[in-house]
$ cat target25.cif   # mmCIF, C-alpha atoms; chains and numbers go by the auth columns
data_upload
#
loop_
_atom_site.group_PDB
_atom_site.id
_atom_site.type_symbol
_atom_site.label_atom_id
_atom_site.label_comp_id
_atom_site.label_asym_id
_atom_site.label_seq_id
_atom_site.Cartn_x
_atom_site.Cartn_y
_atom_site.Cartn_z
_atom_site.B_iso_or_equiv
_atom_site.auth_seq_id
_atom_site.auth_asym_id
ATOM 1 C CA GLY A 1 37.834 -14.019 233.706 0.00 17 A
ATOM 2 C CA ASP A 2 41.092 -12.273 234.412 0.00 18 A
ATOM 3 C CA SER A 3 42.418 -10.086 231.621 0.00 19 A
ATOM 4 C CA VAL A 4 44.990 -7.476 230.650 0.00 20 A
ATOM 5 C CA THR A 5 44.402 -4.423 228.471 0.00 21 A
ATOM 6 C CA GLN A 6 47.292 -2.384 227.137 0.00 22 A
ATOM 7 C CA MET A 7 47.483 0.608 224.886 0.00 23 A
ATOM 8 C CA GLU A 8 47.443 -0.108 221.204 0.00 24 A
ATOM 9 C CA GLY A 9 50.478 0.590 219.154 0.00 25 A
ATOM 10 C CA PRO A 10 52.470 1.304 217.329 0.00 26 A
ATOM 11 C CA VAL A 11 54.092 3.981 219.458 0.00 27 A
ATOM 12 C CA THR A 12 56.783 6.051 217.777 0.00 28 A
ATOM 13 C CA LEU A 13 59.030 8.365 219.768 0.00 29 A
ATOM 14 C CA SER A 14 62.240 10.275 219.262 0.00 30 A
ATOM 15 C CA GLU A 15 65.371 9.257 221.126 0.00 31 A
ATOM 16 C CA GLU A 16 65.539 10.644 224.691 0.00 32 A
ATOM 17 C CA ALA A 17 61.769 11.131 224.856 0.00 33 A
ATOM 18 C CA PHE A 18 59.719 10.047 227.874 0.00 34 A
ATOM 19 C CA LEU A 19 57.843 6.790 227.475 0.00 35 A
ATOM 20 C CA THR A 20 54.584 5.621 228.991 0.00 36 A
ATOM 21 C CA ILE A 21 52.789 2.464 227.922 0.00 37 A
ATOM 22 C CA ASN A 22 49.482 2.051 229.723 0.00 38 A
ATOM 23 C CA CYS A 23 48.325 -1.265 231.136 0.00 39 A
ATOM 24 C CA THR A 24 45.240 -2.073 233.176 0.00 40 A
ATOM 25 C CA TYR A 25 44.100 -5.407 234.443 0.00 41 A
ATOM 26 C CA THR A 26 41.044 -7.251 235.719 0.00 42 A
ATOM 27 C CA ALA A 27 41.563 -9.936 238.335 0.00 43 A
ATOM 28 C CA THR A 28 39.555 -11.566 241.085 0.00 44 A
ATOM 29 C CA GLY A 29 42.520 -11.852 243.429 0.00 45 A
ATOM 30 C CA TYR A 30 45.960 -10.302 243.852 0.00 46 A
ATOM 31 C CA PRO A 31 48.060 -11.450 240.944 0.00 47 A
ATOM 32 C CA SER A 32 51.675 -10.740 240.235 0.00 48 A
ATOM 33 C CA LEU A 33 52.171 -8.321 237.345 0.00 49 A
ATOM 34 C CA PHE A 34 54.842 -8.480 234.668 0.00 50 A
ATOM 35 C CA TRP A 35 56.234 -6.580 231.736 0.00 51 A
ATOM 36 C CA TYR A 36 57.887 -8.639 229.032 0.00 52 A
ATOM 37 C CA VAL A 37 59.852 -7.326 226.046 0.00 53 A
ATOM 38 C CA GLN A 38 60.278 -8.994 222.667 0.00 54 A
ATOM 39 C CA TYR A 39 63.116 -7.836 220.417 0.00 55 A
ATOM 40 C CA PRO A 40 62.937 -8.670 216.698 0.00 56 A
ATOM 41 C CA GLY A 41 63.543 -12.337 216.011 0.00 57 A
ATOM 42 C CA GLU A 42 63.644 -13.288 219.673 0.00 58 A
ATOM 43 C CA GLY A 43 61.373 -14.718 222.331 0.00 59 A
ATOM 44 C CA LEU A 44 59.771 -12.764 225.128 0.00 60 A
ATOM 45 C CA GLN A 45 62.069 -11.730 227.982 0.00 61 A
ATOM 46 C CA LEU A 46 60.986 -10.734 231.446 0.00 62 A
ATOM 47 C CA LEU A 47 61.667 -6.999 231.833 0.00 63 A
ATOM 48 C CA LEU A 48 60.323 -6.406 235.334 0.00 64 A
ATOM 49 C CA LYS A 49 57.735 -7.634 237.780 0.00 65 A
ATOM 50 C CA ALA A 50 55.817 -6.650 240.911 0.00 66 A
ATOM 51 C CA THR A 51 54.174 -9.080 243.275 0.00 67 A
ATOM 52 C CA LYS A 52 52.009 -6.897 245.518 0.00 68 A
ATOM 53 C CA ALA A 53 50.265 -3.550 245.684 0.00 69 A
ATOM 54 C CA ASP A 54 52.546 -0.477 245.653 0.00 70 A
ATOM 55 C CA ASP A 55 55.560 -2.556 244.625 0.00 71 A
ATOM 56 C CA LYS A 56 57.708 -0.928 241.956 0.00 72 A
ATOM 57 C CA GLY A 57 59.456 -3.146 239.461 0.00 73 A
ATOM 58 C CA SER A 58 62.469 -1.696 237.660 0.00 74 A
ATOM 59 C CA ASN A 59 65.088 -2.802 235.158 0.00 75 A
ATOM 60 C CA LYS A 60 67.215 -1.164 232.438 0.00 76 A
ATOM 61 C CA GLY A 61 65.760 2.254 233.261 0.00 77 A
ATOM 62 C CA PHE A 62 62.165 1.028 232.949 0.00 78 A
ATOM 63 C CA GLU A 63 59.774 1.226 235.892 0.00 79 A
ATOM 64 C CA ALA A 64 56.226 0.167 236.672 0.00 80 A
ATOM 65 C CA THR A 65 54.244 0.463 239.899 0.00 81 A
ATOM 66 C CA TYR A 66 51.523 -1.984 240.950 0.00 82 A
ATOM 67 C CA ARG A 67 48.481 0.240 241.574 0.00 83 A
ATOM 68 C CA LYS A 68 45.682 -1.759 243.131 0.00 84 A
ATOM 69 C CA GLU A 69 43.316 1.203 243.432 0.00 85 A
ATOM 70 C CA THR A 70 43.415 1.878 239.702 0.00 86 A
ATOM 71 C CA THR A 71 44.209 -1.744 238.676 0.00 87 A
ATOM 72 C CA SER A 72 47.087 -0.447 236.589 0.00 88 A
ATOM 73 C CA PHE A 73 50.723 -1.267 235.907 0.00 89 A
ATOM 74 C CA HIS A 74 51.929 1.399 233.484 0.00 90 A
ATOM 75 C CA LEU A 75 55.423 1.091 232.034 0.00 91 A
ATOM 76 C CA GLU A 76 57.622 4.211 232.063 0.00 92 A
ATOM 77 C CA LYS A 77 61.105 5.221 231.025 0.00 93 A
ATOM 78 C CA GLY A 78 62.564 8.670 231.346 0.00 94 A
ATOM 79 C CA SER A 79 64.734 8.696 228.235 0.00 95 A
ATOM 80 C CA VAL A 80 64.330 6.072 225.536 0.00 96 A
ATOM 81 C CA GLN A 81 67.036 4.827 223.202 0.00 97 A
ATOM 82 C CA VAL A 82 66.902 3.366 219.713 0.00 98 A
ATOM 83 C CA SER A 83 67.795 0.018 221.263 0.00 99 A
ATOM 84 C CA ASP A 84 64.488 0.071 223.191 0.00 100 A
ATOM 85 C CA SER A 85 62.584 -0.519 219.943 0.00 101 A
ATOM 86 C CA ALA A 86 60.653 -3.728 220.560 0.00 102 A
ATOM 87 C CA VAL A 87 57.225 -5.101 221.414 0.00 103 A
ATOM 88 C CA TYR A 88 56.202 -4.771 225.065 0.00 104 A
ATOM 89 C CA PHE A 89 53.712 -7.110 226.734 0.00 105 A
ATOM 90 C CA CYS A 90 51.930 -6.486 230.007 0.00 106 A
ATOM 91 C CA ALA A 91 50.916 -9.684 231.816 0.00 107 A
ATOM 92 C CA LEU A 92 49.503 -11.066 235.039 0.00 108 A
ATOM 93 C CA SER A 93 49.678 -14.375 236.826 0.00 109 A
ATOM 94 C CA ASP A 94 46.525 -16.430 236.490 0.00 110 A
ATOM 95 C CA LEU A 95 45.450 -17.108 240.060 0.00 111 A
ATOM 96 C CA ASN A 96 42.593 -19.270 238.806 0.00 112 A
ATOM 97 C CA SER A 97 45.142 -21.794 237.682 0.00 113 A
ATOM 98 C CA SER A 98 47.239 -24.001 239.890 0.00 114 A
ATOM 99 C CA ALA A 99 50.086 -23.561 237.453 0.00 115 A
ATOM 100 C CA SER A 100 52.307 -20.635 236.705 0.00 116 A
ATOM 101 C CA LYS A 101 50.039 -19.644 233.838 0.00 117 A
ATOM 102 C CA ILE A 102 50.373 -16.068 232.688 0.00 118 A
ATOM 103 C CA ILE A 103 47.776 -13.991 230.884 0.00 119 A
ATOM 104 C CA PHE A 104 49.365 -11.678 228.333 0.00 120 A
ATOM 105 C CA GLY A 105 48.131 -8.436 226.856 0.00 121 A
ATOM 106 C CA SER A 106 48.122 -7.974 223.100 0.00 122 A
ATOM 107 C CA GLY A 107 51.482 -6.196 223.011 0.00 123 A
ATOM 108 C CA THR A 108 52.533 -2.641 222.131 0.00 124 A
ATOM 109 C CA ARG A 109 55.077 -2.078 219.391 0.00 125 A
ATOM 110 C CA LEU A 110 57.531 0.715 220.215 0.00 126 A
ATOM 111 C CA SER A 111 59.747 2.355 217.610 0.00 127 A
ATOM 112 C CA ILE A 112 62.382 4.913 218.564 0.00 128 A
ATOM 113 C CA ARG A 113 63.689 7.349 215.947 0.00 129 A
ATOM 114 C CA PRO A 114 67.351 8.428 216.179 0.00 130 A
ATOM 115 C CA ASP B 1 72.969 -20.856 232.573 0.00 12 B
ATOM 116 C CA ALA B 2 71.419 -22.154 229.408 0.00 13 B
ATOM 117 C CA GLY B 3 67.986 -20.802 228.662 0.00 14 B
ATOM 118 C CA VAL B 4 65.122 -22.544 226.919 0.00 15 B
ATOM 119 C CA ILE B 5 66.402 -24.085 223.703 0.00 16 B
ATOM 120 C CA GLN B 6 64.183 -24.600 220.686 0.00 17 B
ATOM 121 C CA SER B 7 64.915 -26.272 217.388 0.00 18 B
ATOM 122 C CA PRO B 8 64.811 -25.735 214.532 0.00 19 B
ATOM 123 C CA ARG B 9 64.876 -21.918 214.425 0.00 20 B
ATOM 124 C CA HIS B 10 63.278 -21.928 210.996 0.00 21 B
ATOM 125 C CA GLU B 11 61.251 -24.549 209.177 0.00 22 B
ATOM 126 C CA VAL B 12 59.836 -24.341 205.685 0.00 23 B
ATOM 127 C CA THR B 13 57.829 -27.246 204.383 0.00 24 B
ATOM 128 C CA GLU B 14 54.988 -28.056 202.035 0.00 25 B
ATOM 129 C CA MET B 15 51.441 -28.521 203.176 0.00 26 B
ATOM 130 C CA GLY B 16 50.546 -32.045 204.134 0.00 27 B
ATOM 131 C CA GLN B 17 53.971 -32.775 205.589 0.00 28 B
ATOM 132 C CA GLU B 18 54.560 -33.647 209.227 0.00 29 B
ATOM 133 C CA VAL B 19 56.311 -30.973 211.280 0.00 30 B
ATOM 134 C CA THR B 20 58.034 -31.581 214.620 0.00 31 B
ATOM 135 C CA LEU B 21 59.181 -28.740 216.833 0.00 32 B
ATOM 136 C CA ARG B 22 61.480 -29.409 219.778 0.00 33 B
ATOM 137 C CA CYS B 23 62.082 -27.777 223.122 0.00 34 B
ATOM 138 C CA LYS B 24 64.520 -28.215 225.968 0.00 35 B
ATOM 139 C CA PRO B 25 63.365 -26.354 229.097 0.00 36 B
ATOM 140 C CA ILE B 26 65.585 -24.831 231.745 0.00 37 B
ATOM 141 C CA SER B 27 66.896 -27.507 234.066 0.00 38 B
ATOM 142 C CA GLY B 28 64.847 -27.718 237.246 0.00 39 B
ATOM 143 C CA HIS B 29 61.763 -26.053 235.813 0.00 40 B
ATOM 144 C CA ASP B 30 58.679 -28.200 236.230 0.00 41 B
ATOM 145 C CA TYR B 31 56.275 -26.310 233.963 0.00 42 B
ATOM 146 C CA LEU B 32 56.519 -26.179 230.198 0.00 43 B
ATOM 147 C CA PHE B 33 54.321 -24.118 227.887 0.00 44 B
ATOM 148 C CA TRP B 34 53.843 -24.052 224.113 0.00 45 B
ATOM 149 C CA TYR B 35 52.638 -20.818 222.492 0.00 46 B
ATOM 150 C CA ARG B 36 51.865 -19.719 218.958 0.00 47 B
ATOM 151 C CA GLN B 37 52.328 -16.132 217.796 0.00 48 B
ATOM 152 C CA THR B 38 50.792 -14.593 214.677 0.00 49 B
ATOM 153 C CA MET B 39 50.100 -11.033 213.602 0.00 50 B
ATOM 154 C CA MET B 40 46.378 -11.675 213.478 0.00 51 B
ATOM 155 C CA ARG B 41 45.881 -13.543 216.764 0.00 52 B
ATOM 156 C CA GLY B 42 48.832 -12.427 218.855 0.00 53 B
ATOM 157 C CA LEU B 43 50.260 -14.813 221.446 0.00 54 B
ATOM 158 C CA GLU B 44 48.155 -17.919 222.093 0.00 55 B
ATOM 159 C CA LEU B 45 48.764 -20.586 224.721 0.00 56 B
ATOM 160 C CA LEU B 46 48.420 -23.998 223.104 0.00 57 B
ATOM 161 C CA ILE B 47 49.207 -26.451 225.910 0.00 58 B
ATOM 162 C CA TYR B 48 51.151 -26.712 229.120 0.00 59 B
ATOM 163 C CA PHE B 49 52.729 -29.504 231.150 0.00 60 B
ATOM 164 C CA ASN B 50 53.516 -29.949 234.816 0.00 61 B
ATOM 165 C CA ASN B 51 56.101 -32.575 235.719 0.00 62 B
ATOM 166 C CA ASN B 52 55.823 -33.971 232.180 0.00 63 B
ATOM 167 C CA VAL B 53 52.032 -34.401 232.392 0.00 64 B
ATOM 168 C CA PRO B 54 49.746 -32.368 230.084 0.00 65 B
ATOM 169 C CA ILE B 55 47.512 -30.204 232.256 0.00 66 B
ATOM 170 C CA ASP B 56 45.551 -28.068 229.825 0.00 67 B
ATOM 171 C CA ASP B 57 45.439 -28.583 226.078 0.00 68 B
ATOM 172 C CA SER B 58 42.351 -26.475 225.455 0.00 69 B
ATOM 173 C CA GLY B 59 44.339 -24.108 223.266 0.00 70 B
ATOM 174 C CA MET B 60 45.402 -26.774 220.790 0.00 71 B
ATOM 175 C CA PRO B 61 43.603 -25.745 217.624 0.00 72 B
ATOM 176 C CA GLU B 62 42.844 -29.114 216.080 0.00 73 B
ATOM 177 C CA ASP B 63 43.528 -32.812 216.270 0.00 74 B
ATOM 178 C CA ARG B 64 46.314 -32.235 213.782 0.00 75 B
ATOM 179 C CA PHE B 65 48.306 -30.785 216.672 0.00 76 B
ATOM 180 C CA SER B 66 49.832 -32.970 219.369 0.00 77 B
ATOM 181 C CA ALA B 67 52.416 -32.403 222.084 0.00 78 B
ATOM 182 C CA LYS B 68 54.452 -34.742 224.234 0.00 79 B
ATOM 183 C CA MET B 69 56.899 -34.471 227.060 0.00 80 B
ATOM 184 C CA PRO B 70 58.634 -37.831 227.482 0.00 81 B
ATOM 185 C CA ASN B 71 61.000 -36.535 230.166 0.00 82 B
ATOM 186 C CA ALA B 72 61.808 -33.412 232.145 0.00 83 B
ATOM 187 C CA SER B 73 64.297 -32.117 229.596 0.00 84 B
ATOM 188 C CA PHE B 74 62.483 -32.535 226.303 0.00 85 B
ATOM 189 C CA SER B 75 59.173 -31.744 224.664 0.00 86 B
ATOM 190 C CA THR B 76 57.832 -31.882 221.117 0.00 87 B
ATOM 191 C CA LEU B 77 54.981 -30.194 219.297 0.00 88 B
ATOM 192 C CA LYS B 78 53.867 -32.051 216.201 0.00 89 B
ATOM 193 C CA ILE B 79 51.599 -30.970 213.366 0.00 90 B
ATOM 194 C CA GLN B 80 50.348 -33.669 211.038 0.00 91 B
ATOM 195 C CA PRO B 81 49.289 -32.915 208.375 0.00 92 B
ATOM 196 C CA SER B 82 50.444 -29.309 208.211 0.00 93 B
ATOM 197 C CA GLU B 83 48.431 -26.563 206.503 0.00 94 B
ATOM 198 C CA PRO B 84 49.392 -23.038 205.347 0.00 95 B
ATOM 199 C CA ARG B 85 47.320 -21.493 208.167 0.00 96 B
ATOM 200 C CA ASP B 86 49.680 -23.154 210.662 0.00 97 B
ATOM 201 C CA SER B 87 52.406 -20.732 209.591 0.00 98 B
ATOM 202 C CA ALA B 88 53.463 -18.816 212.714 0.00 99 B
ATOM 203 C CA VAL B 89 56.220 -18.488 215.272 0.00 100 B
ATOM 204 C CA TYR B 90 55.985 -21.193 217.920 0.00 101 B
ATOM 205 C CA PHE B 91 57.476 -20.520 221.332 0.00 102 B
ATOM 206 C CA CYS B 92 58.289 -22.814 224.186 0.00 103 B
ATOM 207 C CA ALA B 93 58.559 -21.444 227.724 0.00 104 B
ATOM 208 C CA SER B 94 59.338 -22.946 231.103 0.00 105 B
ATOM 209 C CA SER B 95 58.910 -21.880 234.701 0.00 106 B
ATOM 210 C CA ALA B 96 59.658 -23.074 238.188 0.00 107 B
ATOM 211 C CA GLY B 97 56.917 -24.084 240.544 0.00 108 B
ATOM 212 C CA THR B 98 54.085 -22.099 241.843 0.00 109 B
ATOM 213 C CA VAL B 99 51.797 -19.314 240.824 0.00 110 B
ATOM 214 C CA ASN B 100 53.419 -15.890 240.359 0.00 111 B
ATOM 215 C CA GLN B 101 56.614 -17.229 238.846 0.00 112 B
ATOM 216 C CA PRO B 102 57.713 -15.692 235.512 0.00 113 B
ATOM 217 C CA GLN B 103 58.038 -17.773 232.412 0.00 114 B
ATOM 218 C CA HIS B 104 61.283 -18.012 230.449 0.00 115 B
ATOM 219 C CA PHE B 105 60.918 -18.165 226.680 0.00 116 B
ATOM 220 C CA GLY B 106 62.999 -19.728 223.952 0.00 117 B
ATOM 221 C CA ASP B 107 63.790 -17.841 220.753 0.00 118 B
ATOM 222 C CA GLY B 108 61.020 -19.613 218.873 0.00 119 B
ATOM 223 C CA THR B 109 60.630 -21.622 215.692 0.00 120 B
ATOM 224 C CA ARG B 110 59.459 -19.688 212.653 0.00 121 B
ATOM 225 C CA LEU B 111 57.292 -22.117 210.690 0.00 122 B
ATOM 226 C CA SER B 112 56.254 -21.533 207.093 0.00 123 B
ATOM 227 C CA ILE B 113 53.907 -23.967 205.400 0.00 124 B
ATOM 228 C CA LEU B 114 53.786 -23.534 201.630 0.00 125 B
#

$ encode --input "target25.cif" --output "structure tokens"
Amino acid sequence: GDSVTQMEGPVTLSEEAFLTINCTYTATGYPSLFWYVQYPGEGLQLLLKATKADDKGSNKGFEATYRKETTSFHLEKGSVQVSDSAVYFCALSDLNSSASKIIFGSGTRLSIRP
Amino acid sequence: DAGVIQSPRHEVTEMGQEVTLRCKPISGHDYLFWYRQTMMRGLELLIYFNNNVPIDDSGMPEDRFSAKMPNASFSTLKIQPSEPRDSAVYFCASSAGTVNQPQHFGDGTRLSIL
């Protein structure tokens, strides 16, 4: 079945460092791809999305490009801040379902040192 | 606009007691999802509804768990009797319509069963 694999955490970086969180997927069709972020004590929030190959989703300085040839959707940010400390989930839409089901990765915890 | 609203935010109760978690989805959304999040198992989809009808409850762990959606603006997840291994954060999410739509999460209910 469809699945998402993302890099294991935790990831610890210094403020202003460059961030990459890797995400690859397996899907039988052409799903939409998402990155969600979960801040401590809160629910998941949609960070960005891309709906077709070569689309770039972006928000709050984060970017991810839908790469069909490598089945990847890596999350990047040029200069992280302490406030970016959170858990990040890569996800895809489940095209085998008639509903708006989403398949989530296991999450990557990011900690930013001042 | 109001987001997904869950109550209570925290619940502590003794094993054997009945627990009821509540969710109000975003107005106009026709899909509602219940998830459970633990350190060991990550984010698990328990059940989801479309237009108030349960579509897939294959993630519900046991008969002790039940969920209802009596109308478009309210859903409950009930555990009876509760056990310590049910301790987790329970999230409700809603989405609008078709495949490829993002889900919008509430802030969750942190449940502790003593």

$ resolve_selection --input "target25.cif" --expression "the PyMOL selection byres ((chain A) within 10 of (chain B))" --output "JSON list (two decimals) with C-alpha atoms, in the frame of the given file"
[["chain", "number", "residue", "atom", "x", "y", "z"],
["A", 46, "TYR", "CA", 45.96, -10.30, 243.85],
["A", 47, "PRO", "CA", 48.06, -11.45, 240.94],
["A", 48, "SER", "CA", 51.68, -10.74, 240.24],
["A", 49, "LEU", "CA", 52.17, -8.32, 237.34],
["A", 50, "PHE", "CA", 54.84, -8.48, 234.67],
["A", 51, "TRP", "CA", 56.23, -6.58, 231.74],
["A", 52, "TYR", "CA", 57.89, -8.64, 229.03],
["A", 54, "GLN", "CA", 60.28, -8.99, 222.67],
["A", 57, "GLY", "CA", 63.54, -12.34, 216.01],
["A", 58, "GLU", "CA", 63.64, -13.29, 219.67],
["A", 59, "GLY", "CA", 61.37, -14.72, 222.33],
["A", 60, "LEU", "CA", 59.77, -12.76, 225.13],
["A", 61, "GLN", "CA", 62.07, -11.73, 227.98],
["A", 62, "LEU", "CA", 60.99, -10.73, 231.45],
["A", 64, "LEU", "CA", 60.32, -6.41, 235.33],
["A", 65, "LYS", "CA", 57.74, -7.63, 237.78],
["A", 66, "ALA", "CA", 55.82, -6.65, 240.91],
["A", 67, "THR", "CA", 54.17, -9.08, 243.28],
["A", 105, "PHE", "CA", 53.71, -7.11, 226.73],
["A", 107, "ALA", "CA", 50.92, -9.68, 231.82],
["A", 108, "LEU", "CA", 49.50, -11.07, 235.04],
["A", 109, "SER", "CA", 49.68, -14.38, 236.83],
["A", 110, "ASP", "CA", 46.52, -16.43, 236.49],
["A", 111, "LEU", "CA", 45.45, -17.11, 240.06],
["A", 112, "ASN", "CA", 42.59, -19.27, 238.81],
["A", 113, "SER", "CA", 45.14, -21.79, 237.68],
["A", 114, "SER", "CA", 47.24, -24.00, 239.89],
["A", 115, "ALA", "CA", 50.09, -23.56, 237.45],
["A", 116, "SER", "CA", 52.31, -20.64, 236.70],
["A", 117, "LYS", "CA", 50.04, -19.64, 233.84],
["A", 118, "ILE", "CA", 50.37, -16.07, 232.69],
["A", 119, "ILE", "CA", 47.78, -13.99, 230.88],
["A", 120, "PHE", "CA", 49.36, -11.68, 228.33],
["A", 121, "GLY", "CA", 48.13, -8.44, 226.86],
["A", 122, "SER", "CA", 48.12, -7.97, 223.10],
["A", 123, "GLY", "CA", 51.48, -6.20, 223.01]]

$ closest_residue --input "target25.cif" --among "B:Ile124, B:Ile16, B:Met71, B:Ala78" --to "Lys35 (chain B)" --atoms "only C-alpha atoms"
B:Ile16

$ atom_distance --input "target25.cif" --atom1 "CA of Lys89 (chain B)" --atom2 "CA of Ser38 (chain B)"
22.6 Å

$ atom_distance --input "target25.cif" --atom1 "CA of Pro72 (chain B)" --atom2 "CA of Thr49 (chain B)"
13.6 Å

$ closest_residue --input "target25.cif" --among "B:Pro19, B:Gly27, B:Gly14, B:Pro36" --to "Ser93 (chain B)" --atoms "only C-alpha atoms"
B:Gly27

$ atom_distance --input "target25.cif" --atom1 "CA of Glu31 (chain A)" --atom2 "CA of Ser127 (chain A)"
9.6 Å

$ resolve_selection --input "target25.cif" --expression "the PyMOL selection byres ((chain A and resi 82) around 7)" --output "PyMOL selection string"
chain A and resi 66+68-72+80-81+83-84+88-89

$ resolve_selection --input "target25.cif" --expression "the PyMOL selection byres ((chain A and resi 29) around 12)" --output "PyMOL selection string"
chain A and resi 25-28+30-37+93+95-98+100-101+125-130

$ residues_around --input "target25.cif" --residues "Gln28 (chain B)" --least-positions-apart "6" --cutoff "12 Å" --atoms "all atoms listed in the file" --output "list in words"
Glu22, Arg75, Lys89, Ile90, Gln91, Pro92, Ser93, Glu94, Pro95, Asp97, Ser123, Ile124 and Leu125 of chain B

$ closest_residue --input "target25.cif" --among "B:Thr24, B:Thr31, B:Ser18, B:Asn63" --to "Pro81 (chain B)" --atoms "all atoms listed in the file"
B:Asn63

$ axis_aligned_box --input "target25.cif" --around "region 32-49 of chain A" --padding-each-side "5 Å" --output "AutoDock Vina command-line options"
--center_x 52.5 --center_y -0.4 --center_z 234.3 --size_x 36.0 --size_y 33.0 --size_z 29.2

$ closest_residue --input "target25.cif" --among "B:Met50, B:Met80, B:Val64, B:Leu57" --to "Ser98 (chain B)" --atoms "only C-alpha atoms"
B:Met50

$ build_atoms --input "target25.cif" --residues "region 24-37 of chain A" --atoms "N, CA, C and O atoms" --output "JSON list (two decimals), in the frame of the given file"
[["chain", "number", "residue", "atom", "x", "y", "z"],
["A", 24, "GLU", "N", 47.15, 0.40, 222.53],
["A", 24, "GLU", "CA", 47.44, -0.11, 221.20],
["A", 24, "GLU", "C", 48.63, 0.64, 220.63],
["A", 24, "GLU", "O", 48.84, 1.81, 220.89],
["A", 25, "GLY", "N", 49.39, -0.07, 219.84],
["A", 25, "GLY", "CA", 50.48, 0.59, 219.15],
["A", 25, "GLY", "C", 50.12, 0.82, 217.70],
["A", 25, "GLY", "O", 48.96, 0.69, 217.32],
["A", 26, "PRO", "N", 51.10, 1.11, 216.88],
["A", 26, "PRO", "CA", 52.47, 1.30, 217.33],
["A", 26, "PRO", "C", 52.68, 2.67, 217.97],
["A", 26, "PRO", "O", 51.94, 3.61, 217.70],
["A", 27, "VAL", "N", 53.68, 2.73, 218.84],
["A", 27, "VAL", "CA", 54.09, 3.98, 219.46],
["A", 27, "VAL", "C", 55.44, 4.36, 218.87],
["A", 27, "VAL", "O", 56.36, 3.54, 218.86],
["A", 28, "THR", "N", 55.53, 5.56, 218.35],
["A", 28, "THR", "CA", 56.78, 6.05, 217.78],
["A", 28, "THR", "C", 57.23, 7.29, 218.53],
["A", 28, "THR", "O", 56.45, 8.24, 218.67],
["A", 29, "LEU", "N", 58.47, 7.25, 219.01],
["A", 29, "LEU", "CA", 59.03, 8.36, 219.77],
["A", 29, "LEU", "C", 60.42, 8.70, 219.25],
["A", 29, "LEU", "O", 61.08, 7.85, 218.63],
["A", 30, "SER", "N", 60.86, 9.90, 219.55],
["A", 30, "SER", "CA", 62.24, 10.28, 219.26],
["A", 30, "SER", "C", 63.14, 9.85, 220.42],
["A", 30, "SER", "O", 62.69, 9.72, 221.57],
["A", 31, "GLU", "N", 64.40, 9.63, 220.09],
["A", 31, "GLU", "CA", 65.37, 9.26, 221.13],
["A", 31, "GLU", "C", 65.36, 10.30, 222.24],
["A", 31, "GLU", "O", 65.23, 11.49, 221.98],
["A", 32, "GLU", "N", 65.50, 9.83, 223.47],
["A", 32, "GLU", "CA", 65.54, 10.64, 224.69],
["A", 32, "GLU", "C", 64.16, 11.13, 225.13],
["A", 32, "GLU", "O", 64.06, 11.84, 226.13],
["A", 33, "ALA", "N", 63.12, 10.76, 224.43],
["A", 33, "ALA", "CA", 61.77, 11.13, 224.86],
["A", 33, "ALA", "C", 61.35, 10.29, 226.07],
["A", 33, "ALA", "O", 61.93, 9.25, 226.37],
["A", 34, "PHE", "N", 60.29, 10.77, 226.75],
["A", 34, "PHE", "CA", 59.72, 10.05, 227.87],
["A", 34, "PHE", "C", 58.69, 9.05, 227.36],
["A", 34, "PHE", "O", 57.90, 9.37, 226.48],
["A", 35, "LEU", "N", 58.73, 7.86, 227.93],
["A", 35, "LEU", "CA", 57.84, 6.79, 227.48],
["A", 35, "LEU", "C", 56.84, 6.41, 228.56],
["A", 35, "LEU", "O", 57.21, 6.24, 229.72],
["A", 36, "THR", "N", 55.59, 6.27, 228.16],
["A", 36, "THR", "CA", 54.58, 5.62, 228.99],
["A", 36, "THR", "C", 53.80, 4.66, 228.12],
["A", 36, "THR", "O", 53.32, 5.06, 227.05],
["A", 37, "ILE", "N", 53.68, 3.43, 228.55],
["A", 37, "ILE", "CA", 52.79, 2.46, 227.92],
["A", 37, "ILE", "C", 51.79, 2.05, 228.99],
["A", 37, "ILE", "O", 52.16, 1.49, 230.03]]
